[in-house]
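**Q** Structure below; questions to follow.
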Amino acid sequence: MDNQRNLIIAVVLSALLLFGWDFAMRTYFPEPEETPATMASGETMPSARVDGTMPVPGEVGSAPELVDVSSALASADRVVIDAPEIHGSINPVGARIDDIDLKTHRQTVEEDSDNIRMFSPAGTDQQHFAQFGWIGEGVALPGANTVWQLVDGEQLTQDTPVTLGWDNGEGLTFALRYEIDEHYMLTVTQSVRNSGTGTVALRPYAFVNRTSATADESNFNVHSGPIAANSEEVNFGWDYDEVGEEGPVELGNTEWIGFTDIYWMSALIAEEGQPAGGTFRSAGGENYRADLIYDPVNVAAGEAVTRTTRLFAGAKESAVLDAYQAQGIEKFGLAIDWGWFRWIAWPMWQVLIFLFDLVGNFGLAIICLTLVIRLILFPIAQKQFKSMAQMRAVQPKMKALQERYKDDKAELQQQMAKLYKEEKVNPLAGCLPIFIQIPIFFALYKVLRLAIEMRHEPFYGWLRDLSAPDPATILNLFGLLDFTPPGFLAIGVLAVLLGFTMWLQFKLNPAAMDPMQQQIFMIMPWVLMFVMAPFAAGLLLYWISNNVLTLAQQKYLYSRNPQLKAQMEKDREEKTREAARKEAEKSEG
């Protein structure tokens, strides 16, 4: 009766774990949705005072009807951008950078898939662009509708910069010079020349405007949304809703500012040595803006003033970000939100990249990484087996204590602690490998979740993306049916292998003394099969490899400790006989 009750409790707890886990994953780790259409507005920088105070923007009117990106891009005589990793154009109306495709990243694993679109014009459902200008009073300044003229260059490439110019007809000539490197960094030099008779006070500025409708979901584990940095830290503390609810967020002195998704980022980097303030603000509806505003400058008659701002618009590739950081951009490598596990996730990622360079496949690199981890932890595993042998040796004494003090739990605990001390046995020693594996597991999860280098990386066969769940599940006949089952029912080949290898691992371990523990160990592999099914295929590949190596390690260590294996077999035989005896007594009764 007790065993039946314990089995029911174990099943109920497993079901709660299964469905509770699925609910938690859907709540806190939602899959990115298809980009929805959203209302967008083509607002401009609100007028501001030269002393630095920003007035309250006026009411945002109703947004115009959305246009598709192709129509928006065909509406202006654009300046082409053609760099090694970027293709796009600059809109001469407003001198906006509002058209960027990433040449080296596709939307899906299919070879004919479109490139990732990073920037899109205002008024489209993917609105995302950057604009550069000046703030001032009592003087005509270029704005969102200003038509700039191409004064130097024909198209923007890594070797050929372009310059746009505009004359306000009142003695001020404005220019924007654009340069681009081999990756995702544009350098924009704003200049203004005063050919008039009086001094003019101006503030250079730049902003990135984007819709949150195309943003990745943000959660407590991975940040997506506003991001900024000063000399002390990277600020991940704001999301879109908070900015919309709490109004303009003034950040003070800012090194760089922008918006981040899981894999992509648009950010403005201030000129070194020139103080600039950062602000996040709502631009109406689902649109948000990250402003970088420099301190006021006085442009005397006959003089010119320049400010150079860099714009990053691309993929958060760790090597590229680290290279920019080495060039002087404070904490740019920390734009990847490694979180609490950075101390292990980043080194693990470096080892994984090194192994990938050796074997040429990230799946094989994960298997090699698992082998490296197991080799490092092997001395601990030896201690674990020694502890298991000691525990088996004191089992008769433990049973005697349990029988003697079965009605006095407090005294039983004291006597068992005394026994452990006398026999020099640590009952928790066997748990150490598990505790060590926890941060390793979560660090690898972060790597698979955040490292864009893992995105769309194949293994073999049907596994075409190690950063995505196994697409071949039982319910869709392993990919034959065009059907995606719910996460907790998406049991794929890898999930089945995970459950099976874990079941073998439990079978090889000594049987638990408590029947309740035995039943839980019988059920747990299959519960974990359901729990882990929605995770990235690379993570399951790691766990399966770890289980296989653990099985091999256990076989080896049992061969070195035959007395432990013999005792384990003896205990199992005794438990089998005891179970048969109880079943016979039950049948006779």
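Please note that chains go A, B, ... in the order of the structure tokens, that every chain numbers its residues from 1, and that ligands are numbered from 1 in the order shown.
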I want to know what sits within 6 Å of His87 of chain A, based on only C-alpha atoms, with residues of the same chain fewer than 4 positions away left out; could you give that as a PyMOL selection string?
**A** chain A and resi 81-82+100-101
**Q** Find the spatial neighbours of Gly165 of chain A, counting only C-alpha atoms, within a cut-off of 7 Å - ignore same-chain residues fewer than 4 positions away - and output them as number ranges by chain.
**A** A: 148-151, 174-176
**Q** Let me see the file: selected residues, N, CA and C atoms, as a PDB file, in the first residue's frame.
**A**
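Final file, selection_12.pdb:
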ATOM      1  N   TRP A 148      19.038  66.507 -48.669  1.00  0.00           N
ATOM      2  CA  TRP A 148      20.472  66.725 -48.711  1.00  0.00           C
ATOM      3  C   TRP A 148      20.996  66.432 -50.120  1.00  0.00           C
ATOM      4  N   GLN A 149      22.109  67.085 -50.449  1.00  0.00           N
ATOM      5  CA  GLN A 149      22.724  66.908 -51.760  1.00  0.00           C
ATOM      6  C   GLN A 149      24.010  66.094 -51.620  1.00  0.00           C
ATOM      7  N   LEU A 150      24.239  65.210 -52.575  1.00  0.00           N
ATOM      8  CA  LEU A 150      25.478  64.451 -52.594  1.00  0.00           C
ATOM      9  C   LEU A 150      26.592  65.352 -53.120  1.00  0.00           C
ATOM     10  N   VAL A 151      27.568  65.645 -52.275  1.00  0.00           N
ATOM     11  CA  VAL A 151      28.632  66.585 -52.661  1.00  0.00           C
ATOM     12  C   VAL A 151      29.969  65.882 -52.872  1.00  0.00           C
ATOM     13  N   PHE A 174      26.054  72.767 -43.628  1.00  0.00           N
ATOM     14  CA  PHE A 174      26.114  71.513 -42.871  1.00  0.00           C
ATOM     15  C   PHE A 174      26.582  70.386 -43.789  1.00  0.00           C
ATOM     16  N   ALA A 175      27.341  69.454 -43.216  1.00  0.00           N
ATOM     17  CA  ALA A 175      27.821  68.303 -43.988  1.00  0.00           C
ATOM     18  C   ALA A 175      27.809  67.060 -43.116  1.00  0.00           C
ATOM     19  N   LEU A 176      27.540  65.927 -43.741  1.00  0.00           N
ATOM     20  CA  LEU A 176      27.590  64.615 -43.099  1.00  0.00           C
ATOM     21  C   LEU A 176      28.462  63.712 -43.962  1.00  0.00           C
TER      22      LEU A 176
END
**Q** Please give the complete set of residues from segment 229-295 of chain A that DSSP, run on the backbone, assigns to alpha helix (DSSP H), formatted as a count of residues only.
**A** 7
**Q** Using only C-alpha atoms for the distances, tell me which of A:Met185, A:Met529, A:Ala140, A:Met454 is nearest to Val320 of chain A.
**A**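 Using only C-alpha atoms, the shortest distance to Val320 of chain A belongs to A:Met185.
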**Q** Which residue gives the smallest distance to Thr197 of chain A among A:Thr473, A:Gly171, A:Gly360, A:Val139, with only C-alpha atoms counted?
**A**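 Answer, going by the shortest atom-to-atom distance: A:Gly171.
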**Q** What is the distance, in Å and to one decimal place, between atom CA of Arg289 of chain A and atom CA of Pro226 of chain A?
**A** 9.0 Å
**Q** Given the choices A:Thr214, A:Thr260, A:Asn547, A:Gln553, which gets closest to Leu375 of chain A if the distance is worked out from only C-alpha atoms?
**A** A:Gln553
**Q** Which residues are close to Ala267 of chain A, i.e. within 6 Å by only C-alpha atoms, leaving aside same-chain residues fewer than 5 positions away? Reply as a ChimeraX atom specification.
**A** /A:257-258,311-312
**Q** Limited to N, CA, C and O atoms, could you put the picked residues into a file as an mmCIF file, in the first residue's frame?
**A**
data_model
loop_
_atom_site.group_PDB
_atom_site.id
_atom_site.type_symbol
_atom_site.label_atom_id
_atom_site.label_comp_id
_atom_site.auth_asym_id
_atom_site.auth_seq_id
_atom_site.Cartn_x
_atom_site.Cartn_y
_atom_site.Cartn_z
ATOM 1 N N ILE A 257 24.908 53.963 -26.812
ATOM 2 C CA ILE A 257 23.493 53.784 -26.492
ATOM 3 C C ILE A 257 22.768 53.257 -27.723
ATOM 4 O O ILE A 257 23.143 53.565 -28.860
ATOM 5 N N GLY A 258 21.750 52.447 -27.499
ATOM 6 C CA GLY A 258 20.987 51.940 -28.630
ATOM 7 C C GLY A 258 19.981 50.895 -28.200
ATOM 8 O O GLY A 258 19.451 50.929 -27.080
ATOM 9 N N LEU A 311 28.186 54.451 -35.672
ATOM 10 C CA LEU A 311 26.917 53.718 -35.636
ATOM 11 C C LEU A 311 27.192 52.249 -35.906
ATOM 12 O O LEU A 311 27.649 51.882 -36.990
ATOM 13 N N PHE A 312 26.912 51.408 -34.904
ATOM 14 C CA PHE A 312 26.987 49.959 -35.092
ATOM 15 C C PHE A 312 25.602 49.458 -35.456
ATOM 16 O O PHE A 312 24.631 49.701 -34.736
#
**Q** Using the chain letters and numbers from this document, which residues of segment 182-312 of chain A does DSSP assign to strand (DSSP E), as number ranges by chain?
**A** A: 185-194, 200-211, 225-229, 234-235, 249-253, 256-260, 264-269, 276-282, 287-294, 297-299, 304-312
**Q** Quick one: residues within 12 Å of Ser120 of chain A, only C-alpha atoms, excluding same-chain residues fewer than 3 positions away - as a PyMOL selection string?
**A** chain A and resi 40+42+67-73+88-91+96-101+116-117+123-130+208-211+214+313
**Q** Could you pull the residues within 7 Å of Ala229 of chain A, counting only C-alpha atoms, minus those fewer than 4 positions along the same chain, as number ranges by chain?
**A** A: 233-235, 254-257
**Q** Would you put the residues from that selection into a file with N, CA and C atoms, as a compact mmCIF listing (two decimals), in the first residue's frame?
**A**
# COMPACT_ATOMS: atom_id res chain seq x y z
N GLU A 233 29.66 50.63 -16.39
CA GLU A 233 28.83 49.44 -16.56
C GLU A 233 28.02 49.52 -17.85
N VAL A 234 27.48 48.36 -18.23
CA VAL A 234 26.50 48.28 -19.31
C VAL A 234 25.12 48.21 -18.67
N ASN A 235 24.23 49.06 -19.13
CA ASN A 235 22.90 49.19 -18.53
C ASN A 235 21.90 48.34 -19.31
N THR A 254 27.26 59.24 -21.31
CA THR A 254 27.06 57.96 -22.00
C THR A 254 28.16 57.72 -23.01
N GLU A 255 28.69 56.50 -22.99
CA GLU A 255 29.70 56.10 -23.98
C GLU A 255 29.03 55.62 -25.27
N TRP A 256 28.01 54.77 -25.13
CA TRP A 256 27.25 54.30 -26.29
C TRP A 256 25.84 53.93 -25.86
N ILE A 257 24.91 53.96 -26.81
CA ILE A 257 23.49 53.78 -26.49
C ILE A 257 22.77 53.26 -27.72
